[in-house]
Amino acid sequence: MTGTWPHINGCTRNSVPLDRRFRVFPELMQDRDYRTAYIGKWHLGEDGPVGRGFQHWISTDDHGDYTRYLTSKGFAPDKPNGRFSEVAVSNLPIELSRPKFLEKHACDFIEKHQRDPFILVVAFVEPHSPYNGPLNDVNPLDEVELDVTATIPESEDIPLRYRLMREWQQAEALLDRERLPSQLFFGITPDEYRSIKQRYLGLVTLVDQSIGAILGCLERCGLTDDTIVVHTSDHGDSLGAHHLFGKETMFEEAARVPWLIRLPGQPRPKLLPFPVSHIHFVPTLLDLLGQSNHAQCAGKSLLPLVHDETAPPQNVCLEWAPNRTKVKKGSRLARRRIIKRAVEESTRTVVSPDGWKLCLRDKDSNELYNLTGDPFETRNLYSNPQHASVISRLTGEIRRWQESTNDKLKL
């Protein structure tokens, strides 16, 4: 929401308050006539987005508006601190689900401000673990396809932190078989992977339905031809790929996300044949609204690409900072000192226009993948001397990116 890199704004994990020095999207606009609302999850501190360019906030955080809504409907929190667990929320009927709650408030805002220029952010939590919801069976189980790397033996030629994640998740899956009615978080077998993915797709459908209802509200209000719609996500989910679940890796399943833009009067769909970076998200939004880019933003508008102007594809850079990686007690994957070092690793990654992905780390092993020939990242080529020139070239690209973004991490 700021157009800045995490190593610059300091928000390298969830719940870190965003420093007030950094403006968020509506604050970067010169035009202040817009009515603004943020509806949904906010991972940048408990104060929320109100007073940061957003005039209205409906919270789905576990202490906010959604909790009060469920309480008003006669539901009692199942946690000692007076909040609802994610498992409890996942068992609610569709009419009480979070997506339906967000859908209603989004439509209320649109109807109220249909005669005003507005900026509305609807931030869905789903699809997310626990993998459970009111549409678990909407996609037939026998039609759910697993990722290639979920069906082949586990690779050991990946960073130690990833292997520690896998070990801990599999240990939790064994415990979940005894303490939960179904695998809501992790699995071990292909059948468990498929069941989890089926329920994940049900959550995707749940969100799809609410997005469709919000678009329908725009149409009913006669706003379709005057409204820009943007859809994206903050992360993906491994769903058994590489025998992992969740995010927190640089694998494509976790790091690659959609970015869709619907423009009024757009005559035909267009697909960019190369990946782009989220660092360009805010500059593109500003440009879509006729605003000039702000000096705070590290990226640039991609609107020229949408309007069919030609431009050479650029590198896409990604970063990872240490987070709350959980480790199985008594893990024997490495010595305790090496494990502690690995879980504190930072990563800098570049995806090049010619299809290479290089991941360099300060405290763990590196990776190189040829996404053109190996799109599922089954073969780590970093130790292959035949690719030394590619590694040298892409290392130089990462170094230049670090220098241009004032990134001090030593790799």
# chains A, B, ... in the order shown; residues from 1 in each chain; ligands from 1
call {"tool": "residues_around", "arguments": {"residues": "Leu260 of chain A", "least_positions_apart": "6", "cutoff": "10 Å", "atoms": "only C-alpha atoms", "output": "PyMOL selection string"}}
result
chain A and resi 229-232+270-271
call {"tool": "select_by_dssp", "arguments": {"residues": "segment 227-367 of chain A", "states": "strand (DSSP E)", "output": "count of residues only"}}
result
25
call {"tool": "closest_residue", "arguments": {"among": "A:Ala171, A:Ile228, A:Ile158, A:Ala311", "to": "Asn366 of chain A", "atoms": "only C-alpha atoms"}}
result
A:Ile158
call {"tool": "atom_distance", "arguments": {"atom1": "atom CA of Val351 of chain A", "atom2": "atom CA of Ser233 of chain A"}}
result
18.6 Å
call {"tool": "residues_around", "arguments": {"residues": "Arg400 of chain A", "least_positions_apart": "5", "cutoff": "12 Å", "atoms": "only C-alpha atoms", "output": "list in words"}}
result
Asn315, Cys317, Arg348, Val350, Arg393, Leu394, Thr395, Thr405, Asn406, Asp407 and Lys408 of chain A
call {"tool": "write_last_selection", "arguments": {"atoms": "N, CA and C atoms", "output": "tab-separated table (two decimals), in the first residue's frame"}}
result
chain	number	residue	atom	x	y	z
A	315	ASN	N	13.59	-7.40	-14.76
A	315	ASN	CA	13.75	-8.33	-13.65
A	315	ASN	C	12.66	-8.11	-12.61
A	317	CYS	N	12.28	-8.63	-8.61
A	317	CYS	CA	13.04	-8.91	-7.40
A	317	CYS	C	12.10	-9.13	-6.22
A	348	ARG	N	17.27	-12.92	-1.00
A	348	ARG	CA	17.03	-11.97	-2.08
A	348	ARG	C	16.94	-12.77	-3.37
A	350	VAL	N	15.87	-12.95	-7.66
A	350	VAL	CA	15.58	-12.28	-8.92
A	350	VAL	C	15.01	-13.31	-9.89
A	393	ARG	N	25.84	-13.64	-13.61
A	393	ARG	CA	25.04	-12.55	-14.19
A	393	ARG	C	23.90	-12.14	-13.26
A	394	LEU	N	23.16	-13.11	-12.74
A	394	LEU	CA	22.02	-12.79	-11.89
A	394	LEU	C	22.44	-12.29	-10.51
A	395	THR	N	23.58	-12.77	-10.03
A	395	THR	CA	24.11	-12.21	-8.77
A	395	THR	C	24.39	-10.72	-8.95
A	405	THR	N	18.20	0.18	-4.13
A	405	THR	CA	17.12	0.26	-3.14
A	405	THR	C	17.64	0.42	-1.71
A	406	ASN	N	18.94	0.66	-1.58
A	406	ASN	CA	19.55	0.87	-0.26
A	406	ASN	C	19.34	-0.34	0.65
A	407	ASP	N	19.51	-1.53	0.08
A	407	ASP	CA	19.38	-2.77	0.83
A	407	ASP	C	20.77	-3.18	1.32
A	408	LYS	N	20.97	-3.21	2.63
A	408	LYS	CA	22.28	-3.44	3.23
A	408	LYS	C	22.58	-4.91	3.52
call {"tool": "residues_around", "arguments": {"residues": "Gln291 of chain A", "least_positions_apart": "6", "cutoff": "9 Å", "atoms": "only C-alpha atoms", "output": "ChimeraX atom specification"}}
result
/A:28-31,283,285
call {"tool": "write_last_selection", "arguments": {"atoms": "N, CA and C atoms", "output": "PDB file, in the first residue's frame"}}
result
ATOM      1  N   LEU A  28      -1.168   9.367  -0.972  1.00  0.00           N
ATOM      2  CA  LEU A  28      -0.235   9.733  -2.031  1.00  0.00           C
ATOM      3  C   LEU A  28      -0.914  10.477  -3.172  1.00  0.00           C
ATOM      4  N   MET A  29      -2.234  10.580  -3.119  1.00  0.00           N
ATOM      5  CA  MET A  29      -2.978  11.235  -4.193  1.00  0.00           C
ATOM      6  C   MET A  29      -3.060  12.738  -3.965  1.00  0.00           C
ATOM      7  N   GLN A  30      -2.992  13.468  -5.043  1.00  0.00           N
ATOM      8  CA  GLN A  30      -3.183  14.909  -4.970  1.00  0.00           C
ATOM      9  C   GLN A  30      -4.662  15.259  -4.884  1.00  0.00           C
ATOM     10  N   ASP A  31      -5.499  14.441  -5.496  1.00  0.00           N
ATOM     11  CA  ASP A  31      -6.946  14.647  -5.480  1.00  0.00           C
ATOM     12  C   ASP A  31      -7.506  14.072  -4.178  1.00  0.00           C
ATOM     13  N   PRO A 283       2.163   2.811  -7.953  1.00  0.00           N
ATOM     14  CA  PRO A 283       2.308   3.745  -9.075  1.00  0.00           C
ATOM     15  C   PRO A 283       1.292   3.499 -10.195  1.00  0.00           C
ATOM     16  N   LEU A 285      -1.773   2.211  -9.763  1.00  0.00           N
ATOM     17  CA  LEU A 285      -3.059   2.705  -9.274  1.00  0.00           C
ATOM     18  C   LEU A 285      -3.142   4.221  -9.404  1.00  0.00           C
TER      19      LEU A 285
END
call {"tool": "atom_distance", "arguments": {"atom1": "atom CA of Asp47 of chain A", "atom2": "atom CA of His294 of chain A"}}
result
24.4 Å
call {"tool": "residues_around", "arguments": {"residues": "segment 87-98 of chain A", "least_positions_apart": "3", "cutoff": "10 Å", "atoms": "only C-alpha atoms", "output": "ChimeraX atom specification"}}
result
/A:40,60,66-67,69-70,73,77-79,84,101-104,124-126,128-135,184,203,206-207,210
call {"tool": "select_by_dssp", "arguments": {"residues": "segment 136-218 of chain A", "states": "alpha helix (DSSP H)", "output": "PyMOL selection string"}}
result
chain A and resi 160-179+190-218
call {"tool": "residues_around", "arguments": {"residues": "Pro6 of chain A", "least_positions_apart": "5", "cutoff": "8 Å", "atoms": "only C-alpha atoms", "output": "tab-separated table (two decimals) with C-alpha atoms, in the first residue's frame"}}
result
chain	number	residue	atom	x	y	z
A	11	CYS	CA	7.14	-4.28	7.69
A	12	THR	CA	8.90	-7.57	7.08
A	319	GLU	CA	12.88	-10.39	-0.58
call {"tool": "closest_atom_pairs", "arguments": {"of": "segment 172-284 of chain A", "to": "segment 354-359 of chain A", "cutoff": "10 Å", "atoms": "only C-alpha atoms", "output": "Markdown table"}}
result
| residue | atom | partner | partner_atom | distance |
| --- | --- | --- | --- | --- |
| A:Met250 | CA | A:Cys359 | CA | 7.7 |
| A:Phe251 | CA | A:Lys357 | CA | 9.7 |
| A:Glu252 | CA | A:Lys357 | CA | 9.9 |
| A:Phe274 | CA | A:Gly355 | CA | 9.1 |
| A:Pro275 | CA | A:Gly355 | CA | 9.7 |
call {"tool": "write_last_selection", "arguments": {"atoms": "all heavy atoms", "output": "compact mmCIF listing (two decimals), in the first residue's frame"}}
result
# COMPACT_ATOMS: atom_id res chain seq x y z
N MET A 250 10.21 -19.15 -1.54
CA MET A 250 10.31 -18.47 -2.82
C MET A 250 9.82 -19.33 -3.98
O MET A 250 9.94 -18.93 -5.14
CB MET A 250 11.76 -18.04 -3.08
CG MET A 250 12.21 -16.86 -2.26
SD MET A 250 11.31 -15.37 -2.72
CE MET A 250 11.96 -14.21 -1.51
N PHE A 251 9.27 -20.51 -3.69
CA PHE A 251 8.70 -21.32 -4.76
C PHE A 251 7.53 -20.60 -5.42
O PHE A 251 6.80 -19.83 -4.77
CB PHE A 251 8.25 -22.68 -4.21
CG PHE A 251 9.38 -23.62 -3.86
CD1 PHE A 251 9.41 -24.25 -2.62
CD2 PHE A 251 10.39 -23.86 -4.77
CE1 PHE A 251 10.44 -25.12 -2.29
CE2 PHE A 251 11.44 -24.73 -4.45
CZ PHE A 251 11.47 -25.35 -3.21
N GLU A 252 7.31 -20.88 -6.69
CA GLU A 252 6.29 -20.19 -7.46
C GLU A 252 4.91 -20.30 -6.83
O GLU A 252 4.12 -19.35 -6.84
CB GLU A 252 6.23 -20.75 -8.89
CG GLU A 252 7.46 -20.46 -9.73
CD GLU A 252 7.53 -19.00 -10.15
OE1 GLU A 252 6.81 -18.62 -11.09
OE2 GLU A 252 8.29 -18.24 -9.53
N PHE A 274 4.94 -11.92 -19.47
CA PHE A 274 6.08 -11.99 -18.55
C PHE A 274 5.63 -11.51 -17.18
O PHE A 274 4.66 -10.77 -17.05
CB PHE A 274 7.25 -11.14 -19.07
CG PHE A 274 6.84 -9.74 -19.49
CD1 PHE A 274 6.70 -8.71 -18.55
CD2 PHE A 274 6.57 -9.46 -20.83
CE1 PHE A 274 6.31 -7.45 -18.94
CE2 PHE A 274 6.18 -8.19 -21.23
CZ PHE A 274 6.05 -7.17 -20.28
N PRO A 275 6.33 -11.95 -16.12
CA PRO A 275 5.94 -11.52 -14.77
C PRO A 275 6.33 -10.07 -14.50
O PRO A 275 7.25 -9.53 -15.13
CB PRO A 275 6.71 -12.48 -13.86
CG PRO A 275 7.90 -12.88 -14.66
CD PRO A 275 7.44 -12.91 -16.09
call {"tool": "atom_distance", "arguments": {"atom1": "atom CA of Gln209 of chain A", "atom2": "atom CA of Val121 of chain A"}}
result
16.9 Å
